[in-house]
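Everything below concerns the one structure shown next.
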Amino acid sequence: METPAKYNPAEVESKWYAWWMDHGFFHSEPDDREPYTVVIPPPNVTGVLHMGHMLNNTIQDVLVRRARMQGKNACWVPGTDHASIATEAKVVAKLAAEGIRKQDLTREQFVEHAWEWTRKHGGIILEQLKKLGASCDWERTGFTMNEGYSRSVIRVFVDLYRKGKIYRGVRMVNWDPQALTAVSDEEVIYKEQQGKLYYIRYAVKSGGVAVVATTRPETIMGDTAIAIHPGNPKTAHLKGKTVIVPLIGREIPVIEDEYVDREFGTGCLKVTPAHDINDYLLGEKHRLEVIDIFNDNGTLNERAQAYAGQDRFAARRQVEKDLAAAGLLEKVEDYTHKVGYSERTDVSIEPKLSTQWFVRMAELAAPALAAVENGDVQLYPPKFRNTYRHWMENIKDWCISRQLWWGHRIPAWYLPDGSFVVAENEAQALQLAREKTKNKSLTADSLQQDNDCLDTWFSSWLWPVSVFDPAVPGSGEEVDPNRDLQYYYPTSDLVTAPEILFFWVARMIIAGYEWAGGYPFRNVYLTGIVRDRLGRKMSKSLGNSPDPVALMNRYGADGVRMGMLLTSPAGNDLPFDEALCEQGRNFCNKIWNAFRLVKGWQPDENAVQPAASAQAVEWFRHAFRKALVEINDDFDKYRLSEALMKIYKLFWDDFCAWYLEIIKPKGGMDNATLDATLLFFDRLLRVLHPFMPFITEEIWQRLAERQPGESLMIALQPYANEFDETCLAHFEQLKNTVTAIRTLRQSKNIAPREPLELYVKGAFDENLFPVLQKIAHLSAIHPGRQPEGQNGHSFLTGAAEFFIPLGALLNVEEETKKLREDLAYQQKFVASVQQKLRNEKFVQHAPEPVVALERKKLSDGEARIKAIEEQLAALGG
RNA sequence: GGGAGCUUAGCGCAGCUGGUUUAGAGCAUCUGCCUUACAAGCAGAGGGUCGGGGGUUCGAAUCCCUCAGCUCCCACCA
């Protein structure tokens, strides 16, 4: 096989991905091995790959590939989420562009359009993941609207209903007037906004005036009271009075409640129970009338009298004008406040009373809270435990109905009398309805299924269960023990964004305990949020996200993977910078070139292994082992970027810059060294493979003859062995010595290969002399004191003294100055250590090893001072 | 308003239960090199009184208090 001079990622990546697929390496079936399972956080079915996905899926792939190479039965389940609001919004927009309005379609027609859209766009994102190298088991690709999956969702709903954990109720919900649906609290984004505070005069029936401050003057038509603080003298004169709502002339009472802030505005609060959550609570408490003045689309209704039909914002301006004209507007102040916006449509949320379905959460949440508290489920980084606890302890009931068509339709059927039954299907519903009404002649036609869909998260929370077992035991019926669920559940690691810790992670844990007998995953790795250079979150709306596919084309998938991982410790934000991908690409290039070098070495049967090579092999063996131990430790702690950085340095610095340079043959390559080198390369590729799957497979296949179907991705990770610290320390000193010599050459303008002589005195491993001689380009190494009467440069590494004769090259003055500086530094150091040791309290209180260490520092320092003084003397200084 | 976290070289970070660290890598920067694996490279160098102040201790980047700045989560004062 010829080795191309340039590494071509595009070609290599598509080649190996297809080959891996052909050989079924991604597919998993239960067997005797230990399972390692990951379920993908399913992206929106019509979504497009963004940087967040890149990060998230790279991390998952690293974990999965590594587990596979540890001999585990790795199974990474991919799939997509039907994402009801997001998808429905897209379909509505697409139809609108074609001149079709949703309200002109039947539910069935609309859903068919949505399916068509899903079939067309769904899966694009999965194809993009393949380009990244994701080793998912594509035969298990899931979808939250699959038949089996839908059945689980419905069963779970029915099960919860029967357990009394689902109820229907009138509640204040976050209404999205554009999507015409309620959205959950979590889907409301509060934005700081420049608004106005209007001071409005309400006439008091018995004479006088009450001034009320509000940001929403258009809601006065829904006012049913004015509230004051019972202990506020400023408003005491209003107690028990009746006031008249401006413009519409309705009479409303003044109520007293401690909720009212005496300091804010005028101390007088208008109460609009239908349009403000706090007012609603006040209204409930004081049994106030509730007057809803809005239509679902945000326009005002007939109860707003003259303003009926106007949009809420237009009405606000009109009301302001009319109030001003009537002399009822005392003043208007600028006011900054926060307004809730719908995450999906970005229109401002209207608090609205409506009948919705809710899940009672408190009891369900208890085991899920305990799971994280007692460590059954580990969060990485652990700081999220606090947030998790806080949320779970204050959990509120979950509004699960959405006024949408795309999604799982709520399995409730209304009877002619207005009551309802909940069942898995229409037939069962009919049966229940007949039993309930004792009317055997009731027909399906007389049942009307609820029009709403379930919140997307009501299906996502079953993901780790349902992808393995579509038939969740939800109805209380006996379900066949499921082979896959038993084997793969609970999953091992979940990798996701912290922003959906509550949306999704917490609810999956809840669902796991409720229906699958335990936690759904052992570890949760919460990734950072990918931001742009300005620190803004990358998002489609800002258009500040680079196109991942273009990035992969430019830097190779391996390069981008490395770029994503290098600086993304769990839970920290990742300010994305293309330079990181560049670094990744450069590393690929380095690996490729190292391979070209090694591949070019032909074994020479007659060549004898040089001493330097033997030493280098011995050293690198230990260096590799040590790095491996540290890398394994990093993995155990989910410190992937640190693990990667260690491999990066191991390969680039230790393997390429030191090891390969030392063993580079001048003539023929001996077998012993070559074999060792090929083995090292093989081991390095194994450790690298989870991070950079493509280039490692390409090189591994070229490194030796392989059997058909043999692949690095199913090879085993090396085992961590004992390593020799002494050997590593000796080599470290060697490196420092070489660096000192190179620095000397640079400062004296001595060419790198100009031979020099070296005198060594003191502790230095003589076995390393051949290595030192070779890479420092020395003509000779003399053990012993520097020769008398020669000018030269002296330096220290560790406890060894070195001398290099320089003759005329040496600038005595400069050298003396340098030595004096060094001397001063050492003296200061020794002085500080002496001071410490003179401190009786230190010697008494500090543990013995610490004191001994200080003593050693002192004696080493004194020895160095002595050596420097001798050198100065030799220079005649 | 409540809670959590962060602040260490130009940048993004590591430094775990205080003592082999008078602070560590990476990238960037500067200097010298086209040395037949690699200029997407090689060799070398510089750069931080660990946000400010106080305390505990023989000893603090590390523990405590306090101030300042930033971030996130929760709540949503009209």
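To be explicit about the labels: the chains of the structure tokens are called A, B, and onward in the order shown, and within each one the residues are counted from 1, while ligands get numbers from 1 in the order they are shown.
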
Can you check which residues of chain A have any atom within 7 Å of chain B? Use only C-alpha atoms (C1' of nucleotides) and format it as a ChimeraX atom specification. /A:213-214,261,269,386-387,567,586,589-590,593-594,596-597,743,746,829,841-842,845-846,850,853

Any chance you could list, as JSON, numbers by chain, the residues in region 145-310 of chain A that come up strand (DSSP E or B) when DSSP is run on the backbone? {"A": [166, 167, 168, 169, 170, 171, 172, 173, 174, 175, 176, 181, 182, 183, 188, 189, 190, 191, 192, 193, 194, 195, 196, 197, 198, 199, 200, 201, 202, 203, 204, 209, 210, 211, 212, 213, 214, 225, 226, 227, 228, 242, 243, 244, 251, 252, 253, 254, 255, 256, 268, 269, 270, 271, 294, 299, 300]}

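The gap separating CA of Thr144 (chain A) from CA of Ser460 (chain A) is 7.0 Å, in Å to one decimal.
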
d(CA of Asp346 (chain A), CA of Arg507 (chain A)) in Å: 25.2 Å

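Restricting the calculation to only C-alpha atoms (C1' of nucleotides), the smallest distance between G47 (chain B) and any of B:C65, B:A28, B:A9, B:A75 is found for B:A9.
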
Give me, as a PyMOL selection string, all polymer residues having an atom no more than 12 Å from Gly71 (chain A), counting only C-alpha atoms (C1' of nucleotides) and skipping those fewer than 3 positions away in the same chain. chain A and resi 31-36+64-68+74+713-719

Export of prior selection with C-alpha atoms as a short mmCIF file (atom, residue, chain, number, x, y, z; two decimals), in the first residue's frame:
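Wrote result.cif, looks like this:
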data_model
loop_
_atom_site.label_atom_id
_atom_site.label_comp_id
_atom_site.auth_asym_id
_atom_site.auth_seq_id
_atom_site.Cartn_x
_atom_site.Cartn_y
_atom_site.Cartn_z
CA ASP A 31 -24.95 -11.37 24.79
CA ASP A 32 -22.76 -12.47 27.70
CA ARG A 33 -20.65 -9.34 27.78
CA GLU A 34 -21.21 -6.43 30.07
CA PRO A 35 -23.51 -3.95 28.32
CA TYR A 36 -22.59 -0.33 27.87
CA VAL A 64 -19.12 4.60 23.37
CA ARG A 65 -16.08 3.77 21.27
CA ARG A 66 -13.90 3.52 24.33
CA ALA A 67 -16.36 1.22 26.07
CA ARG A 68 -16.53 -0.94 22.96
CA ALA A 74 -21.61 -1.07 23.45
CA MET A 713 -12.66 0.10 16.42
CA ILE A 714 -13.24 -3.36 17.84
CA ALA A 715 -9.67 -3.88 19.03
CA LEU A 716 -9.03 -3.72 22.75
CA GLN A 717 -7.72 -0.81 24.75
CA PRO A 718 -4.28 -1.41 26.28
CA TYR A 719 -4.16 -2.34 29.94
#

Would you compute the distance between CA of Ala423 (chain A) and CA of Thr437 (chain A)? Give it in Å to one decimal. 15.4 Å

Mind checking which residues fall within 10 Å of G15 (chain B), counting only C-alpha atoms (C1' of nucleotides), ignoring those fewer than 6 positions away in the same chain, and posting them as a list in words? U8, U21, A23, G24, A61 and U62 of chain B

Please, could you write that set of residues out with N, CA, C and O atoms (P, O5', C5', C4', C3', O3' and C1' of nucleotides) as a PDB file, in the first residue's frame?
ATOM      1  P     U B   8      -9.226  34.363  36.395  1.00  0.00           P
ATOM      2  O5'   U B   8      -8.060  33.746  37.265  1.00  0.00           O
ATOM      3  C5'   U B   8      -7.219  34.598  38.030  1.00  0.00           C
ATOM      4  C4'   U B   8      -5.906  33.924  38.253  1.00  0.00           C
ATOM      5  C3'   U B   8      -5.160  33.539  36.983  1.00  0.00           C
ATOM      6  O3'   U B   8      -4.424  34.638  36.460  1.00  0.00           O
ATOM      7  C1'   U B   8      -5.207  31.692  38.425  1.00  0.00           C
ATOM      8  P     U B  21       6.293  20.266  43.263  1.00  0.00           P
ATOM      9  O5'   U B  21       7.073  21.536  42.907  1.00  0.00           O
ATOM     10  C5'   U B  21       7.567  22.603  43.555  1.00  0.00           C
ATOM     11  C4'   U B  21       6.713  23.821  43.374  1.00  0.00           C
ATOM     12  C3'   U B  21       6.192  24.373  44.696  1.00  0.00           C
ATOM     13  O3'   U B  21       6.673  25.710  44.826  1.00  0.00           O
ATOM     14  C1'   U B  21       4.466  24.245  43.036  1.00  0.00           C
ATOM     15  P     A B  23       6.101  30.325  42.378  1.00  0.00           P
ATOM     16  O5'   A B  23       5.631  28.813  42.510  1.00  0.00           O
ATOM     17  C5'   A B  23       5.649  27.957  41.376  1.00  0.00           C
ATOM     18  C4'   A B  23       4.220  27.619  41.039  1.00  0.00           C
ATOM     19  C3'   A B  23       3.978  27.490  39.554  1.00  0.00           C
ATOM     20  O3'   A B  23       4.162  26.140  39.214  1.00  0.00           O
ATOM     21  C1'   A B  23       2.236  28.694  40.620  1.00  0.00           C
ATOM     22  P     G B  24       5.519  25.652  38.820  1.00  0.00           P
ATOM     23  O5'   G B  24       5.165  24.635  37.656  1.00  0.00           O
ATOM     24  C5'   G B  24       4.563  25.150  36.513  1.00  0.00           C
ATOM     25  C4'   G B  24       3.539  24.178  36.042  1.00  0.00           C
ATOM     26  C3'   G B  24       3.297  24.300  34.554  1.00  0.00           C
ATOM     27  O3'   G B  24       4.254  23.503  33.889  1.00  0.00           O
ATOM     28  C1'   G B  24       1.243  24.310  35.692  1.00  0.00           C
ATOM     29  P     A B  61      -0.816  31.360  48.542  1.00  0.00           P
ATOM     30  O5'   A B  61      -1.792  31.325  47.279  1.00  0.00           O
ATOM     31  C5'   A B  61      -2.813  32.312  47.116  1.00  0.00           C
ATOM     32  C4'   A B  61      -3.940  31.766  46.286  1.00  0.00           C
ATOM     33  C3'   A B  61      -4.851  30.788  47.014  1.00  0.00           C
ATOM     34  O3'   A B  61      -5.909  31.462  47.644  1.00  0.00           O
ATOM     35  C1'   A B  61      -4.176  29.873  44.925  1.00  0.00           C
ATOM     36  P     U B  62      -6.507  30.951  49.024  1.00  0.00           P
ATOM     37  O5'   U B  62      -6.799  29.393  48.803  1.00  0.00           O
ATOM     38  C5'   U B  62      -7.987  28.950  48.118  1.00  0.00           C
ATOM     39  C4'   U B  62      -7.923  27.447  47.995  1.00  0.00           C
ATOM     40  C3'   U B  62      -8.192  26.697  49.292  1.00  0.00           C
ATOM     41  O3'   U B  62      -9.257  25.771  49.093  1.00  0.00           O
ATOM     42  C1'   U B  62      -6.152  25.978  48.302  1.00  0.00           C
TER      43        U B  62
END
